[in-house]
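Below you'll find the structure, written out as structure tokens, and then a few comments.
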Amino acid sequence: MATATLNPATTPVIITRTDFEILNSYVKNLHGMQVNERENFSKLSGELKKAQIVEDDSMSADIVRLGSTVVIKDLVTRRDMTVTIVLPSKADIKQKKVSVLAPIGTALIGFRKGQTVSWNVPSGKKDFKIVDVNNDNLSE
């Protein structure tokens with residue numbers, strides 16, 4: 001199967017009902033947010049509006065969701081990076097825990113292993129391939 005390059009702005013994401021409810025409550029509560037955080041919330045809100053919502057027990061194991069550990073490959077540098085997608089309060093870059101509100105977190109959520117995703121990060125546009133998705137530790 002050929003891998004198409006996906007644009008998070010036009011490709012619907014697949015998200016569990018639980019993740020949708022959690023993330024939707026975040027985007028509805030913008031009080032006290034910094035300007036840059038509001039922009040990230042806006043991007044996440046856009047993703048949620050076009051999301052395909054599935055029941056938690058029907059979610060494919062290869063789709064990125066809250067708590068997923070994801071291996072991505074930068075298609076320019078060919079370097080692999082492993083991150084875990086978490087809520088903002090659990091983000092810790094030293095532990096490679098990336099907030100779902102960070103550009104990379106918002107871009108990955110709802111996409112699956114094997115897909116190539118392009119998105120804008122602070123240093124410019126990046127193209128990454130999702131090499132692996134591990135959802136074994138979703139209770140964390």
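In the structure tokens, chains take the letters A, B, ... in the order shown, each chain's residues start at 1, and ligands count up from 1 in the order shown.
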### Task
Report as an NGL selection string: the residues of chain A with a DSSP assignment of strand (DSSP E or B), based on the backbone of this structure.
:A and (5-6 or 14-16 or 52-54 or 63 or 69-74 or 80-86 or 92 or 97-99 or 112 or 116-121 or 124-134)
Could the residues in this selection be written to a file with C-alpha atoms, as a compact mmCIF listing (two decimals), in the first residue's frame?
# COMPACT_ATOMS: atom_id res chain seq x y z
CA THR A 5 1.29 12.60 2.36
CA LEU A 6 -1.49 13.93 4.52
CA ILE A 14 -9.92 9.37 14.11
CA ILE A 15 -10.37 9.87 17.83
CA THR A 16 -11.93 7.93 20.69
CA GLN A 52 -14.34 10.89 13.18
CA ILE A 53 -15.32 9.75 16.68
CA VAL A 54 -15.23 6.03 17.50
CA ILE A 63 -3.91 5.14 15.70
CA THR A 69 3.94 6.48 22.45
CA VAL A 70 4.78 7.31 18.86
CA VAL A 71 7.94 6.79 16.83
CA ILE A 72 8.19 9.30 14.00
CA LYS A 73 10.86 9.73 11.33
CA ASP A 74 11.83 13.17 10.07
CA ASP A 80 13.70 8.88 14.47
CA MET A 81 12.12 10.51 17.49
CA THR A 82 9.92 8.88 20.12
CA VAL A 83 7.30 10.92 21.98
CA THR A 84 4.31 10.20 24.17
CA ILE A 85 1.20 12.34 23.59
CA VAL A 86 -0.17 13.64 26.91
CA ASP A 92 7.68 16.86 30.24
CA LYS A 97 6.08 13.54 26.97
CA VAL A 98 4.64 16.05 24.51
CA SER A 99 1.45 18.00 25.10
CA ARG A 112 -2.09 6.00 12.13
CA THR A 116 3.13 10.66 6.51
CA VAL A 117 2.00 13.91 8.08
CA SER A 118 3.09 17.46 7.23
CA TRP A 119 2.59 20.33 9.63
CA ASN A 120 4.02 23.65 10.71
CA VAL A 121 6.24 23.74 13.78
CA GLY A 124 8.96 25.72 9.76
CA LYS A 125 7.11 22.98 7.89
CA LYS A 126 8.07 19.42 8.79
CA ASP A 127 7.27 16.09 7.16
CA PHE A 128 7.26 13.04 9.40
CA LYS A 129 6.32 9.43 8.87
CA ILE A 130 4.60 7.64 11.75
CA VAL A 131 6.84 4.58 12.13
CA ASP A 132 5.18 2.99 15.15
CA VAL A 133 2.31 3.58 17.58
CA ASN A 134 2.28 1.92 20.98
### Task
Go through segment 42-111 of chain A and collect every residue that DSSP, computed from the backbone, puts in alpha helix (DSSP H); the answer should be as a PyMOL selection string.
chain A and resi 42-49+103-108
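Across the structure, atom CA of Ile93 of chain A and atom CA of Leu75 of chain A are spaced 21.6 Å apart.
One distance worth recording is that between atom CA of Ser68 of chain A and atom CA of Asn135 of chain A, which is 4.9 Å.
One finds atom CA of Ser60 of chain A at 21.0 Å from atom CA of Asn24 of chain A.
Nearest to Ser42 of chain A of all the residues A:Val76, A:Leu23, A:Ala91, A:Met59 is A:Leu23, based on only C-alpha atoms.
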